[in-house]
Structure formats: C-alpha cells, structure tokens
>>> print(open('entry.csv').read())   # CSV, C-alpha atoms
chain,number,residue,atom,x,y,z
M,30,MET,CA,58.6,10.0,4.1
M,31,PRO,CA,59.7,6.4,5.1
M,32,ASN,CA,63.4,5.7,5.3
M,33,ARG,CA,65.3,2.6,4.1
M,34,LEU,CA,63.9,0.5,6.9
M,35,ALA,CA,60.5,0.5,5.1
M,36,GLN,CA,61.9,-2.5,3.1
M,37,ALA,CA,62.8,-4.5,6.3
M,38,THR,CA,61.1,-7.6,7.4
M,39,SER,CA,61.9,-7.2,11.1
M,40,PRO,CA,59.0,-5.7,13.1
M,41,TYR,CA,61.5,-3.8,15.2
M,42,LEU,CA,63.1,-2.1,12.2
M,43,LEU,CA,59.7,-1.4,10.7
M,44,GLN,CA,58.8,0.5,13.9
M,45,HIS,CA,61.6,3.0,12.9
M,46,ALA,CA,60.7,3.2,9.2
M,47,ASP,CA,58.9,6.6,9.7
M,48,ASN,CA,61.6,8.2,11.8
M,49,PRO,CA,63.2,11.4,10.4
M,50,VAL,CA,66.5,9.7,11.0
M,51,ASP,CA,67.9,8.4,7.6
M,52,TRP,CA,68.4,4.9,8.9
M,53,TRP,CA,70.3,2.2,7.1
M,54,PRO,CA,70.0,-1.5,7.9
M,55,TRP,CA,73.2,-3.5,8.6
M,56,GLU,CA,74.7,-3.8,5.2
M,57,GLU,CA,77.9,-3.0,3.4
M,58,GLY,CA,76.3,0.0,1.6
M,59,ALA,CA,76.0,1.9,4.9
M,60,PHE,CA,79.8,1.6,5.5
M,61,GLU,CA,80.5,2.5,1.9
M,62,GLU,CA,78.4,5.6,2.4
M,63,ALA,CA,80.3,6.5,5.6
M,64,ARG,CA,83.6,6.2,3.8
M,65,ARG,CA,82.3,8.3,0.9
M,66,ARG,CA,81.1,11.0,3.2
M,67,ASP,CA,84.0,10.6,5.7
M,68,VAL,CA,81.8,10.4,8.7
M,69,PRO,CA,81.4,8.0,11.6
M,70,VAL,CA,78.7,5.4,11.9
M,71,LEU,CA,76.1,5.4,14.7
M,72,LEU,CA,75.0,1.8,15.4
M,73,SER,CA,71.8,1.5,17.4
M,74,VAL,CA,70.8,-2.0,18.5
M,75,GLY,CA,67.5,-2.9,20.2
M,76,TYR,CA,64.4,-5.2,19.9
M,77,SER,CA,60.7,-4.7,19.8
M,78,ALA,CA,60.0,-5.6,23.5
M,79,CYS,CA,62.6,-3.3,24.9
M,80,HIS,CA,61.1,-0.5,26.9
M,81,TRP,CA,64.0,1.9,26.9
M,82,CYS,CA,64.5,1.3,23.2
M,83,HIS,CA,61.1,2.8,22.6
M,84,VAL,CA,61.8,5.6,25.1
M,85,MET,CA,65.0,6.7,23.3
M,86,ALA,CA,63.2,6.4,19.9
M,87,HIS,CA,60.5,8.7,21.0
M,88,GLU,CA,62.8,11.2,22.7
M,89,SER,CA,65.6,11.3,20.1
M,90,PHE,CA,65.0,9.4,16.9
M,91,GLU,CA,61.5,10.9,16.4
M,92,ASP,CA,62.8,14.4,17.1
M,93,ASP,CA,63.3,16.4,13.9
M,94,GLU,CA,66.2,18.5,15.3
M,95,THR,CA,68.2,15.5,16.6
M,96,ALA,CA,67.5,13.6,13.4
M,97,ALA,CA,68.8,16.5,11.3
M,98,TYR,CA,72.0,16.5,13.3
M,99,LEU,CA,72.4,12.8,12.9
M,100,ASN,CA,71.8,12.9,9.2
M,101,GLU,CA,74.4,15.6,8.7
M,102,HIS,CA,77.2,14.2,10.8
M,103,PHE,CA,76.7,10.4,10.8
M,104,VAL,CA,75.5,7.4,8.9
M,105,SER,CA,72.9,5.8,11.2
M,106,VAL,CA,72.5,2.0,11.2
M,107,LYS,CA,69.6,0.3,13.1
M,108,VAL,CA,69.9,-3.4,14.0
M,109,ASP,CA,67.3,-5.8,15.6
M,110,ARG,CA,69.2,-7.9,18.0
M,111,GLU,CA,66.7,-10.8,17.5
M,112,GLU,CA,67.3,-10.7,13.8
M,113,ARG,CA,71.1,-10.2,13.9
M,114,PRO,CA,72.3,-11.7,17.2
M,115,ASP,CA,75.8,-12.1,15.7
M,116,VAL,CA,76.1,-8.3,15.3
M,117,ASP,CA,74.7,-7.7,18.7
M,118,ALA,CA,77.1,-10.2,20.4
M,119,VAL,CA,80.2,-8.6,18.9
M,120,TYR,CA,79.4,-5.0,19.9
M,121,MET,CA,77.8,-5.9,23.2
M,122,GLU,CA,81.1,-7.5,24.2
M,123,ALA,CA,82.8,-4.3,23.3
M,124,VAL,CA,80.3,-2.2,25.4
M,125,GLN,CA,80.7,-4.5,28.4
M,126,ALA,CA,84.5,-4.5,28.2
M,127,ALA,CA,84.6,-0.7,27.9
M,128,THR,CA,81.9,0.3,30.5
M,129,GLY,CA,81.5,-2.7,32.7
M,130,GLN,CA,77.9,-3.1,31.8
M,131,GLY,CA,75.6,-3.5,28.9
M,132,GLY,CA,72.0,-3.4,27.8
M,133,TRP,CA,69.6,-2.1,25.2
M,134,PRO,CA,69.3,0.2,23.4
M,135,MET,CA,72.9,-0.3,22.7
M,136,THR,CA,74.5,2.8,21.2
M,137,VAL,CA,77.9,2.4,19.6
M,138,PHE,CA,79.9,4.7,17.4
M,139,LEU,CA,82.0,3.0,14.7
M,140,THR,CA,84.6,4.0,12.1
M,141,PRO,CA,83.6,3.3,8.5
M,142,ASP,CA,85.5,0.1,8.8
M,143,ALA,CA,83.0,-1.0,11.6
M,144,GLU,CA,85.6,-0.6,14.4
M,145,PRO,CA,84.0,0.7,17.6
M,146,PHE,CA,85.4,3.6,19.5
M,147,TYR,CA,82.7,5.0,21.8
M,148,PHE,CA,80.0,3.1,23.7
M,149,GLY,CA,76.8,3.4,25.7
M,150,THR,CA,73.2,2.3,26.0
M,151,TYR,CA,70.3,4.7,26.7
M,152,PHE,CA,71.1,8.4,26.5
M,153,PRO,CA,68.5,10.8,27.7
M,154,PRO,CA,67.4,13.9,25.7
M,155,ALA,CA,68.8,16.2,28.5
M,156,PRO,CA,71.7,15.6,31.0
M,157,ARG,CA,70.4,13.4,33.8
M,158,HIS,CA,72.1,11.9,36.9
M,159,GLY,CA,75.6,12.4,35.5
M,160,THR,CA,74.7,11.0,32.1
M,161,PRO,CA,75.2,13.4,29.1
M,162,SER,CA,72.3,14.1,26.8
M,163,PHE,CA,72.3,12.2,23.5
M,164,ARG,CA,72.8,15.5,21.6
M,165,GLN,CA,75.9,16.2,23.8
M,166,VAL,CA,77.3,12.8,22.9
M,167,LEU,CA,76.6,13.4,19.2
M,168,GLU,CA,78.4,16.7,19.3
M,169,GLY,CA,81.3,15.3,21.2
M,170,ILE,CA,81.7,12.4,18.7
M,171,ALA,CA,81.4,14.7,15.7
M,172,ALA,CA,84.1,17.1,17.2
M,173,ALA,CA,86.4,14.2,18.0
M,174,TRP,CA,86.0,12.8,14.4
M,175,ARG,CA,86.8,16.2,12.9
M,176,ASP,CA,89.6,17.4,15.2
M,177,ARG,CA,91.1,14.3,16.8
M,178,ARG,CA,90.9,11.6,14.1
M,179,ASP,CA,94.2,10.0,15.1
M,180,GLU,CA,93.0,9.6,18.7
M,181,VAL,CA,89.8,8.0,17.5
M,182,GLY,CA,91.7,5.6,15.3
M,183,GLN,CA,94.0,4.7,18.1
M,184,VAL,CA,91.0,3.9,20.5
M,185,ALA,CA,89.3,1.9,17.8
M,186,GLY,CA,92.5,-0.1,17.1
M,187,ASN,CA,93.0,-0.8,20.9
M,188,VAL,CA,89.4,-2.0,21.2
M,189,VAL,CA,89.7,-4.4,18.3
M,190,ARG,CA,93.0,-5.8,19.6
M,191,GLU,CA,91.5,-6.2,23.1
M,192,LEU,CA,88.5,-8.1,21.8
M,193,ALA,CA,90.7,-10.3,19.6
M,194,GLY,CA,92.9,-11.1,22.7
M,195,ARG,CA,89.8,-12.0,24.7
M,196,THR,CA,88.6,-14.4,22.0
M,197,LEU,CA,92.0,-16.1,21.8
M,198,GLY,CA,92.5,-16.2,25.5
M,199,ALA,CA,89.1,-17.9,26.1
M,200,GLN,CA,90.0,-20.9,24.0
M,201,GLY,CA,92.3,-23.8,24.6
M,202,ALA,CA,95.1,-24.9,22.2
M,203,ASP,CA,92.6,-26.5,19.9
M,204,GLY,CA,90.1,-23.7,20.1
M,205,VAL,CA,87.7,-25.6,22.4
M,206,PRO,CA,87.2,-24.8,26.1
M,207,GLY,CA,88.5,-27.6,28.4
M,208,GLU,CA,87.9,-28.8,32.0
M,209,PRO,CA,90.1,-26.0,33.5
M,210,ASP,CA,87.9,-23.5,31.7
M,211,PHE,CA,84.7,-25.1,33.0
M,212,ALA,CA,86.1,-25.2,36.5
M,213,GLN,CA,86.9,-21.5,36.4
M,214,ALA,CA,83.4,-20.7,35.1
M,215,LEU,CA,81.8,-22.8,37.9
M,216,LEU,CA,84.0,-21.0,40.5
M,217,ALA,CA,83.0,-17.6,39.2
M,218,LEU,CA,79.3,-18.6,39.3
M,219,THR,CA,79.6,-19.9,42.8
M,220,ARG,CA,81.1,-16.6,44.0
M,221,ASP,CA,78.3,-14.6,42.3
M,222,TYR,CA,75.5,-17.0,43.5
M,223,ASP,CA,72.7,-15.6,45.7
M,224,ASP,CA,72.2,-18.4,48.1
M,225,ARG,CA,69.4,-16.7,49.9
M,226,HIS,CA,67.2,-15.7,46.9
M,227,GLY,CA,68.5,-17.8,44.1
M,228,GLY,CA,70.0,-16.5,40.9
M,229,PHE,CA,73.2,-14.5,40.5
M,230,GLY,CA,74.2,-11.1,41.6
M,231,GLY,CA,71.9,-8.4,42.9
M,232,ALA,CA,69.3,-6.1,41.4
M,233,PRO,CA,68.2,-6.1,38.7
M,234,LYS,CA,68.2,-9.8,38.4
M,235,PHE,CA,67.8,-11.5,35.0
M,236,PRO,CA,66.6,-15.1,34.3
M,237,PRO,CA,70.0,-16.7,33.6
M,238,SER,CA,68.9,-19.3,31.1
M,239,MET,CA,72.3,-20.0,29.6
M,240,VAL,CA,73.9,-20.2,33.1
M,241,VAL,CA,71.3,-22.7,34.2
M,242,GLU,CA,71.9,-24.8,31.1
M,243,PHE,CA,75.7,-24.7,31.8
M,244,LEU,CA,75.1,-25.9,35.4
M,245,LEU,CA,72.8,-28.7,34.3
M,246,ARG,CA,75.3,-29.9,31.7
M,247,HIS,CA,78.1,-29.6,34.2
M,248,HIS,CA,76.1,-31.8,36.7
M,249,ALA,CA,75.4,-34.3,34.0
M,250,ARG,CA,79.0,-34.5,33.0
M,251,THR,CA,80.6,-34.5,36.5
M,252,GLY,CA,77.9,-35.3,39.0
M,253,SER,CA,78.5,-32.0,40.8
M,254,GLU,CA,75.7,-31.6,43.3
M,255,GLY,CA,76.6,-28.0,43.9
M,256,ALA,CA,76.0,-27.1,40.2
M,257,LEU,CA,72.6,-28.9,40.3
M,258,GLN,CA,71.5,-27.2,43.5
M,259,MET,CA,72.3,-23.7,42.1
M,260,ALA,CA,70.3,-24.5,38.9
M,261,ALA,CA,67.4,-26.0,40.8
M,262,ASP,CA,67.1,-23.2,43.4
M,263,THR,CA,67.4,-20.5,40.7
M,264,CYS,CA,64.6,-22.1,38.7
M,265,GLU,CA,62.4,-22.4,41.8
M,266,ALA,CA,63.0,-18.8,42.7
M,267,MET,CA,62.0,-17.7,39.2
M,268,ALA,CA,58.9,-19.9,39.2
M,269,ARG,CA,57.7,-18.7,42.7
M,270,GLY,CA,58.6,-15.1,42.1
M,271,GLY,CA,56.9,-12.1,40.6
M,272,ILE,CA,58.6,-12.4,37.2
M,273,TYR,CA,56.6,-15.5,36.4
M,274,ASP,CA,53.3,-14.8,34.6
M,275,GLN,CA,50.8,-17.0,36.5
M,276,LEU,CA,48.1,-16.5,33.9
M,277,GLY,CA,49.8,-16.5,30.6
M,278,GLY,CA,53.0,-18.4,31.3
M,279,GLY,CA,56.5,-17.2,30.5
M,280,PHE,CA,58.7,-14.7,32.4
M,281,ALA,CA,59.2,-11.0,32.5
M,282,ARG,CA,62.6,-9.9,31.2
M,283,TYR,CA,64.0,-9.3,34.7
M,284,SER,CA,63.2,-8.5,38.3
M,285,VAL,CA,63.9,-5.0,39.6
M,286,ASP,CA,64.8,-6.4,43.0
M,287,ARG,CA,67.1,-9.3,44.0
M,288,GLU,CA,64.2,-11.3,45.4
M,289,CYS,CA,62.7,-11.9,41.9
M,290,GLY,CA,59.6,-10.3,43.3
M,291,VAL,CA,58.9,-7.2,41.3
M,292,PRO,CA,59.0,-7.7,37.5
M,293,HIS,CA,60.0,-5.2,34.8
M,294,PHE,CA,57.1,-5.5,32.4
M,295,GLU,CA,58.9,-6.6,29.3
M,296,LYS,CA,57.5,-10.1,28.4
M,297,VAL,CA,59.9,-12.6,27.0
M,298,ASP,CA,60.0,-16.5,26.9
M,299,VAL,CA,56.4,-17.5,26.7
>>> encode(input="entry.csv", output="structure tokens")
Amino acid sequence: MPNRLAQATSPYLLQHADNPVDWWPWEEGAFEEARRRDVPVLLSVGYSACHWCHVMAHESFEDDETAAYLNEHFVSVKVDREERPDVDAVYMEAVQAATGQGGWPMTVFLTPDAEPFYFGTYFPPAPRHGTPSFRQVLEGIAAAWRDRRDEVGQVAGNVVRELAGRTLGAQGADGVPGEPDFAQALLALTRDYDDRHGGFGGAPKFPPSMVVEFLLRHHARTGSEGALQMAADTCEAMARGGIYDQLGGGFARYSVDRECGVPHFEKVDV
C-alpha cells in the first residue's frame, strides 16, 4: 500500500512511495506527529541520481523488518535535496560540523522540534569496516531517546547554538561578507588547490562549480591572476578528464581519483 509520498510531485519521493516505511514529506504534520507520539524524527535526504541513496533504499527502506522498527520507534521524513535545497543545506552543515564530512543519503535524527542530535550518511544493513549497521543505529537512538532524554536534549541544544554561532561569525557587521572574508576564502582555496591535477583536495574529486564561480568573480573584481589561473586549470582538467561525457555532454558527479580520470557514474549538469 503506498505511503504519504504517493501524493508527492518529486520523482525522488515517488520512488519511495511504495516503501513499507511510513514516510512523511517535510511538513509540520510530521513534527506534530512526533510530538504526539513522543518519538524522534528520522530525516533522510537524497536525490534521484544518487547511487548510494538507491542502495540504502533497497537494503533498508524496502526491508519489511527494518521498516516495522522505524514505524514503531520514529516518525520518518524523506526529503529530495533538489526540491528542498534549503532543508538540505541546514542539516548538511550540521552533518559536516559533527563528522567532518558529508554526502548523500544524508541520515539525521531530530527532536520533534527539528533540532538535530545524531548524524550520518549511508549506513549498511550489517556492520562493515567499522560502520555500524542501520539497525544498530536505530536501536541505539531509540534507547537514548527512551533512557537518556536529557543527554539527547543537551546535544541538540549544543548543535543548534554551534550552527547559530557559525552563521553569525561568517558575516560582517552589516551581515554581508567583506574583503577580509574574501581574502581568507582565497587563502584557504590556495592551500587546498591541486596544482598538478587541477581542482581541490584529493580523491574523490568533485566539480567545484561554486568555487570556480567565486574565483572568476574575485578575478573580475580584483584582477587576481592566481584566482583566474586556478579556475582555468580546474575547468581544463574537468574538460580533459574522464568525468566529462564526450558523447552526451555534461559531467559525472565526481571522479574517484584525484586526476579526474575515473568517473563515478552519476550524471549531473548536462
């Protein structure tokens, strides 16, 4: 029997409409239900081209036993990051602040007031390489909610304050970044720049569209040749590398190596 996502317009949400999980879309009713039942909220964020989103859906969200446990102990909310980038951005910042990394599927546990207190991305159906199984995570969260509610509330409050501090600290006196902020951003990018292969950081290497835009705008504003060179070399590496689709155009979502040679086959930007 289809769940609430059967009424969605998002193709990604519709892919989960026949899951045995009693999914809610992102709406106030989901949080009202969590308050009424006094249970935490599972927030799962993904998108239709995400490989590991489909893997976790098949392994966990289509599994009747896992779904029954979710339905008993949680209110489950599914979000399409392409439909609600605002929701995705808020909780992705929390995931990255807490774990040092991010990605999709994004798995976040919230209080009924939408305050996050536990974070992750993909969880396997069985423990693997030091990562707990999804069922182990669910059981641990349910036990903490039942037996250590004060601790959960304290963690959630700390996360909210930390994110609020980051937001305030990132703005100038008038709420708008100024030249010192831009200079700091450029310095951080210069340190992370791969001057041999283009792009930033190591593997996996993502097409940094917003970074390239920042560098080009910085060059246009200041005449910085270094910013222009990093942008140009990065674009050339992307165009010459394996992540570019020579036949259909567009790029794969990322390269599994730092040379931009071996694509991960999730097509984006056509």
>>> closest_residue(input="entry.csv", among="M:Ala78, M:Ala212, M:Val104, M:Ala59", to="M:His293", atoms="all atoms listed in the file")
M:Ala78
>>> closest_residue(input="entry.csv", among="M:Ala173, M:Val108, M:Val119, M:Ala96", to="M:Glu144", atoms="only C-alpha atoms")
M:Val119
>>> residues_around(input="entry.csv", residues="M:Met135", least_positions_apart="4", cutoff="7 Å", atoms="all atoms listed in the file", output="number ranges by chain")
M: 73-75, 149-151
>>> residues_near_point(input="entry.csv", point="(56.5, 3.3, 16.8)", cutoff="10 Å", atoms="only C-alpha atoms", output="list in words")
Tyr41, Leu42, Leu43, Gln44, His45, Ala46, Asp47, Asn48, Ser77, His83, Ala86, His87 and Glu91 of chain M
>>> closest_residue(input="entry.csv", among="M:Pro69, M:Gly270, M:Pro161, M:Gly255", to="M:Val137", atoms="all atoms listed in the file")
M:Pro69
>>> closest_residue(input="entry.csv", among="M:Pro49, M:Pro233, M:Gly271, M:Gly227", to="M:Gln258", atoms="only C-alpha atoms")
M:Gly227
>>> atom_distance(input="entry.csv", atom1="atom CA of M:Phe146", atom2="atom CA of M:Gly186")
8.4 Å
>>> closest_residue(input="entry.csv", among="M:Ala256, M:Ala126, M:Met267, M:Val68", to="M:Tyr222", atoms="all atoms listed in the file")
M:Ala256
>>> atom_distance(input="entry.csv", atom1="atom CA of M:Glu191", atom2="atom CA of M:Ala127")
10.0 Å
>>> residues_around(input="entry.csv", residues="stretch 288-292 of chain M", least_positions_apart="4", cutoff="9 Å", atoms="only C-alpha atoms", output="list in words")
Arg225, His226, Gly227, Gly228, Gly231, Ala232, Pro233, Lys234, Phe235, Ala266, Met267, Arg269, Gly270, Gly271, Ile272, Tyr273, Phe280, Ala281, Arg282, Tyr283 and Ser284 of chain M
>>> closest_residue(input="entry.csv", among="M:Arg190, M:Arg287, M:His248, M:His80", to="M:Ala261", atoms="all atoms listed in the file")
M:His248
>>> residues_near_point(input="entry.csv", point="(77.1, 7.5, 9.7)", cutoff="12 Å", atoms="all atoms listed in the file", output="PDB file with C-alpha atoms, in the frame of the given file")
ATOM      1  CA  VAL M  50      66.500   9.700  11.000  1.00  0.00           C
ATOM      2  CA  ASP M  51      67.900   8.400   7.600  1.00  0.00           C
ATOM      3  CA  TRP M  52      68.400   4.900   8.900  1.00  0.00           C
ATOM      4  CA  TRP M  53      70.300   2.200   7.100  1.00  0.00           C
ATOM      5  CA  PRO M  54      70.000  -1.500   7.900  1.00  0.00           C
ATOM      6  CA  TRP M  55      73.200  -3.500   8.600  1.00  0.00           C
ATOM      7  CA  GLY M  58      76.300   0.000   1.600  1.00  0.00           C
ATOM      8  CA  ALA M  59      76.000   1.900   4.900  1.00  0.00           C
ATOM      9  CA  PHE M  60      79.800   1.600   5.500  1.00  0.00           C
ATOM     10  CA  GLU M  61      80.500   2.500   1.900  1.00  0.00           C
ATOM     11  CA  GLU M  62      78.400   5.600   2.400  1.00  0.00           C
ATOM     12  CA  ALA M  63      80.300   6.500   5.600  1.00  0.00           C
ATOM     13  CA  ARG M  64      83.600   6.200   3.800  1.00  0.00           C
ATOM     14  CA  ARG M  65      82.300   8.300   0.900  1.00  0.00           C
ATOM     15  CA  ARG M  66      81.100  11.000   3.200  1.00  0.00           C
ATOM     16  CA  ASP M  67      84.000  10.600   5.700  1.00  0.00           C
ATOM     17  CA  VAL M  68      81.800  10.400   8.700  1.00  0.00           C
ATOM     18  CA  PRO M  69      81.400   8.000  11.600  1.00  0.00           C
ATOM     19  CA  VAL M  70      78.700   5.400  11.900  1.00  0.00           C
ATOM     20  CA  LEU M  71      76.100   5.400  14.700  1.00  0.00           C
ATOM     21  CA  LEU M  72      75.000   1.800  15.400  1.00  0.00           C
ATOM     22  CA  SER M  73      71.800   1.500  17.400  1.00  0.00           C
ATOM     23  CA  ALA M  96      67.500  13.600  13.400  1.00  0.00           C
ATOM     24  CA  TYR M  98      72.000  16.500  13.300  1.00  0.00           C
ATOM     25  CA  LEU M  99      72.400  12.800  12.900  1.00  0.00           C
ATOM     26  CA  ASN M 100      71.800  12.900   9.200  1.00  0.00           C
ATOM     27  CA  GLU M 101      74.400  15.600   8.700  1.00  0.00           C
ATOM     28  CA  HIS M 102      77.200  14.200  10.800  1.00  0.00           C
ATOM     29  CA  PHE M 103      76.700  10.400  10.800  1.00  0.00           C
ATOM     30  CA  VAL M 104      75.500   7.400   8.900  1.00  0.00           C
ATOM     31  CA  SER M 105      72.900   5.800  11.200  1.00  0.00           C
ATOM     32  CA  VAL M 106      72.500   2.000  11.200  1.00  0.00           C
ATOM     33  CA  LYS M 107      69.600   0.300  13.100  1.00  0.00           C
ATOM     34  CA  VAL M 137      77.900   2.400  19.600  1.00  0.00           C
ATOM     35  CA  PHE M 138      79.900   4.700  17.400  1.00  0.00           C
ATOM     36  CA  LEU M 139      82.000   3.000  14.700  1.00  0.00           C
ATOM     37  CA  THR M 140      84.600   4.000  12.100  1.00  0.00           C
ATOM     38  CA  PRO M 141      83.600   3.300   8.500  1.00  0.00           C
ATOM     39  CA  ASP M 142      85.500   0.100   8.800  1.00  0.00           C
ATOM     40  CA  ALA M 143      83.000  -1.000  11.600  1.00  0.00           C
ATOM     41  CA  LEU M 167      76.600  13.400  19.200  1.00  0.00           C
ATOM     42  CA  ILE M 170      81.700  12.400  18.700  1.00  0.00           C
ATOM     43  CA  ALA M 171      81.400  14.700  15.700  1.00  0.00           C
ATOM     44  CA  TRP M 174      86.000  12.800  14.400  1.00  0.00           C
TER      45      TRP M 174
END
>>> residues_around(input="entry.csv", residues="M:Tyr76", least_positions_apart="6", cutoff="9 Å", atoms="only C-alpha atoms", output="number ranges by chain")
M: 40-42, 82, 108-112, 133-134
>>> atom_distance(input="entry.csv", atom1="atom CA of M:Gly132", atom2="atom CA of M:Trp81")
9.6 Å
>>> residues_around(input="entry.csv", residues="M:Met121", least_positions_apart="4", cutoff="7 Å", atoms="only C-alpha atoms", output="VMD selection string")
chain M and resid 117 125 131
>>> write_last_selection(input="entry.csv", atoms="C-alpha atoms", output="PDB file, keeping the file's coordinate frame")
ATOM      1  CA  ASP M 117      74.700  -7.700  18.700  1.00  0.00           C
ATOM      2  CA  GLN M 125      80.700  -4.500  28.400  1.00  0.00           C
ATOM      3  CA  GLY M 131      75.600  -3.500  28.900  1.00  0.00           C
TER       4      GLY M 131
END
>>> residues_around(input="entry.csv", residues="M:Leu215", least_positions_apart="2", cutoff="9 Å", atoms="only C-alpha atoms", output="ChimeraX atom specification")
/M:210-213,217-220,243-244,247,256
>>> build_atoms(input="entry.csv", residues="stretch 164-182 of chain M", atoms="N, CA and C atoms", output="JSON list (two decimals), keeping the file's coordinate frame")
[["chain", "number", "residue", "atom", "x", "y", "z"],
["M", 164, "ARG", "N", 72.30, 14.48, 22.51],
["M", 164, "ARG", "CA", 72.80, 15.50, 21.60],
["M", 164, "ARG", "C", 74.26, 15.89, 22.03],
["M", 165, "GLN", "N", 74.55, 15.96, 23.32],
["M", 165, "GLN", "CA", 75.90, 16.20, 23.80],
["M", 165, "GLN", "C", 76.87, 15.14, 23.29],
["M", 166, "VAL", "N", 76.43, 13.89, 23.36],
["M", 166, "VAL", "CA", 77.30, 12.80, 22.90],
["M", 166, "VAL", "C", 77.53, 12.93, 21.40],
["M", 167, "LEU", "N", 76.49, 13.22, 20.64],
["M", 167, "LEU", "CA", 76.60, 13.40, 19.20],
["M", 167, "LEU", "C", 77.61, 14.49, 18.85],
["M", 168, "GLU", "N", 77.48, 15.61, 19.54],
["M", 168, "GLU", "CA", 78.40, 16.70, 19.30],
["M", 168, "GLU", "C", 79.80, 16.43, 19.63],
["M", 169, "GLY", "N", 79.98, 15.72, 20.75],
["M", 169, "GLY", "CA", 81.30, 15.30, 21.20],
["M", 169, "GLY", "C", 81.98, 14.38, 20.19],
["M", 170, "ILE", "N", 81.21, 13.41, 19.70],
["M", 170, "ILE", "CA", 81.70, 12.40, 18.70],
["M", 170, "ILE", "C", 82.08, 13.15, 17.42],
["M", 171, "ALA", "N", 81.19, 14.02, 16.96],
["M", 171, "ALA", "CA", 81.40, 14.70, 15.70],
["M", 171, "ALA", "C", 82.69, 15.60, 15.81],
["M", 172, "ALA", "N", 82.88, 16.26, 16.96],
["M", 172, "ALA", "CA", 84.10, 17.10, 17.20],
["M", 172, "ALA", "C", 85.33, 16.25, 17.20],
["M", 173, "ALA", "N", 85.27, 15.11, 17.89],
["M", 173, "ALA", "CA", 86.40, 14.20, 18.00],
["M", 173, "ALA", "C", 86.80, 13.69, 16.57],
["M", 174, "TRP", "N", 85.79, 13.34, 15.80],
["M", 174, "TRP", "CA", 86.00, 12.80, 14.40],
["M", 174, "TRP", "C", 86.67, 13.90, 13.57],
["M", 175, "ARG", "N", 86.25, 15.13, 13.77],
["M", 175, "ARG", "CA", 86.80, 16.20, 12.90],
["M", 175, "ARG", "C", 88.16, 16.68, 13.40],
["M", 176, "ASP", "N", 88.38, 16.76, 14.72],
["M", 176, "ASP", "CA", 89.60, 17.40, 15.20],
["M", 176, "ASP", "C", 90.63, 16.45, 15.81],
["M", 177, "ARG", "N", 90.22, 15.23, 16.17],
["M", 177, "ARG", "CA", 91.10, 14.30, 16.80],
["M", 177, "ARG", "C", 91.05, 12.92, 16.20],
["M", 178, "ARG", "N", 91.12, 12.89, 14.88],
["M", 178, "ARG", "CA", 90.90, 11.60, 14.10],
["M", 178, "ARG", "C", 91.95, 10.58, 14.52],
["M", 179, "ASP", "N", 93.20, 11.00, 14.74],
["M", 179, "ASP", "CA", 94.20, 10.00, 15.10],
["M", 179, "ASP", "C", 93.89, 9.36, 16.43],
["M", 180, "GLU", "N", 93.38, 10.15, 17.37],
["M", 180, "GLU", "CA", 93.00, 9.60, 18.70],
["M", 180, "GLU", "C", 91.86, 8.61, 18.55],
["M", 181, "VAL", "N", 90.88, 8.94, 17.72],
["M", 181, "VAL", "CA", 89.80, 8.00, 17.50],
["M", 181, "VAL", "C", 90.25, 6.72, 16.88],
["M", 182, "GLY", "N", 91.15, 6.82, 15.89],
["M", 182, "GLY", "CA", 91.70, 5.60, 15.30],
["M", 182, "GLY", "C", 92.47, 4.76, 16.26]]
